[in-house]
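> A single structure is presented below for examination.
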Amino acid sequence: MMLMETKIVADNTNGQVLAYDGEEQVGQLNFTFKGQVMAIDHTHAFKKGMGIGTLLVEAANEYAINHKLKVLPICSYAYVWYQRHPQYKDIPARD
């Protein structure tokens, strides 16, 4: 099991969750803010089968919870992640 870290970079309108394996960036999630909603627009793991996508969405979800935001999972990976984690059913924004 590798020890990966995430770093969140956000400004007023958008941001990224970056995943690192040591010094190497291995994934990126892009999001935008629309009021109190954080839209997850894209999730990209640079290496497959390592749980990077899950790590990225978990970090974005935690960020949303800590900032009292709803999440709009536009990205299909994030959408499926929320389907598989019903304990967070109150986090996704309703269309």
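In the structure tokens, each chain is lettered A, B, ... as it comes, each chain's residues begin at 1, and ligands are numbered from 1 in order of appearance.
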Might you pull out every residue within 12 Å of Gly49 of chain A, with only C-alpha atoms counted and same-chain residues fewer than 4 positions away left off, and present them as a list in words?
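Residues near the query, excluding close chain neighbours: Met1, Val26, Ala45, Gly53, Thr54 and Leu55 of chain A.
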> Extract, using only C-alpha atoms, all DNA, RNA and protein residues at most 7 Å from Cys75 of chain A, discarding same-chain residues fewer than 6 positions from it, and format them as a list in words.
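Once the adjacent positions are removed, what remains is Ile40, Asp41, His42 and Thr43 of chain A.
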> Output all heavy atoms for every residue in that selection, as a CSV table (one decimal), in the first residue's frame.

```csv
chain,number,residue,atom,x,y,z
A,40,ILE,N,-18.0,19.1,-8.9
A,40,ILE,CA,-16.8,18.3,-9.3
A,40,ILE,C,-16.9,18.1,-10.8
A,40,ILE,O,-17.7,17.3,-11.2
A,40,ILE,CB,-16.7,17.0,-8.5
A,40,ILE,CG1,-16.6,17.3,-7.0
A,40,ILE,CG2,-15.6,16.1,-9.0
A,40,ILE,CD1,-16.6,16.0,-6.1
A,41,ASP,N,-16.0,18.8,-11.5
A,41,ASP,CA,-16.1,18.8,-13.0
A,41,ASP,C,-15.3,17.6,-13.6
A,41,ASP,O,-15.8,17.1,-14.6
A,41,ASP,CB,-15.6,20.1,-13.5
A,41,ASP,CG,-16.4,21.3,-12.9
A,41,ASP,OD1,-17.6,21.3,-13.1
A,41,ASP,OD2,-15.8,22.2,-12.4
A,42,HIS,N,-14.2,17.2,-13.0
A,42,HIS,CA,-13.4,16.2,-13.7
A,42,HIS,C,-12.5,15.6,-12.6
A,42,HIS,O,-11.9,16.2,-11.7
A,42,HIS,CB,-12.5,16.9,-14.7
A,42,HIS,CG,-11.7,16.0,-15.5
A,42,HIS,ND1,-12.2,15.1,-16.4
A,42,HIS,CD2,-10.4,15.8,-15.6
A,42,HIS,CE1,-11.3,14.4,-17.0
A,42,HIS,NE2,-10.1,14.8,-16.5
A,43,THR,N,-12.3,14.3,-12.7
A,43,THR,CA,-11.4,13.5,-11.9
A,43,THR,C,-10.5,12.7,-12.8
A,43,THR,O,-11.0,12.0,-13.7
A,43,THR,CB,-12.2,12.5,-11.0
A,43,THR,OG1,-13.1,13.3,-10.2
A,43,THR,CG2,-11.2,11.8,-10.0
```
> Between atom CA of Lys7 of chain A and atom CA of Gln28 of chain A, measure the distance and give it in Å to one decimal.
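Interatomic distance here is 9.6 Å.
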> Atom CA of His67 of chain A and atom CA of Leu18 of chain A, how far apart in Å?
18.2 Å
> Set the distance at 7 Å and use only C-alpha atoms: which residues neighbour Leu69 of chain A once local chain neighbours fewer than 2 positions away are removed? I'd like the list as a PyMOL selection string.
chain A and resi 36-38+64-65+67+71
> Can you write just those residues out, C-alpha atoms, as a PDB file, in the first residue's frame?

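Everything below was put into again.pdb:
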```
ATOM      1  CA  GLN A  36     -22.601  27.201  -1.737  1.00  0.00           C
ATOM      2  CA  VAL A  37     -22.225  24.358  -4.252  1.00  0.00           C
ATOM      3  CA  MET A  38     -18.920  22.780  -5.220  1.00  0.00           C
ATOM      4  CA  ALA A  64     -17.076  20.334   1.077  1.00  0.00           C
ATOM      5  CA  ILE A  65     -18.176  19.073   4.504  1.00  0.00           C
ATOM      6  CA  HIS A  67     -16.791  24.338   4.340  1.00  0.00           C
ATOM      7  CA  VAL A  71     -21.483  18.908  -4.019  1.00  0.00           C
TER       8      VAL A  71
END
```
> Quick one: distance from atom CA of Glu24 of chain A to atom CA of Tyr82 of chain A in Å, one decimal?
27.3 Å
> How would you write, as number ranges by chain, the set of residues in chain A that DSSP gives as strand (DSSP E or B)?
A: 5-10, 14-21, 24-34, 37-45, 70-73, 92
> So which one's closest to Thr6 of chain A, A:Lys34, A:Ala59, A:His85, A:Ala39? Using only C-alpha atoms, please.
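Of the candidates, the smallest distance to Thr6 of chain A is held by A:Ala59.
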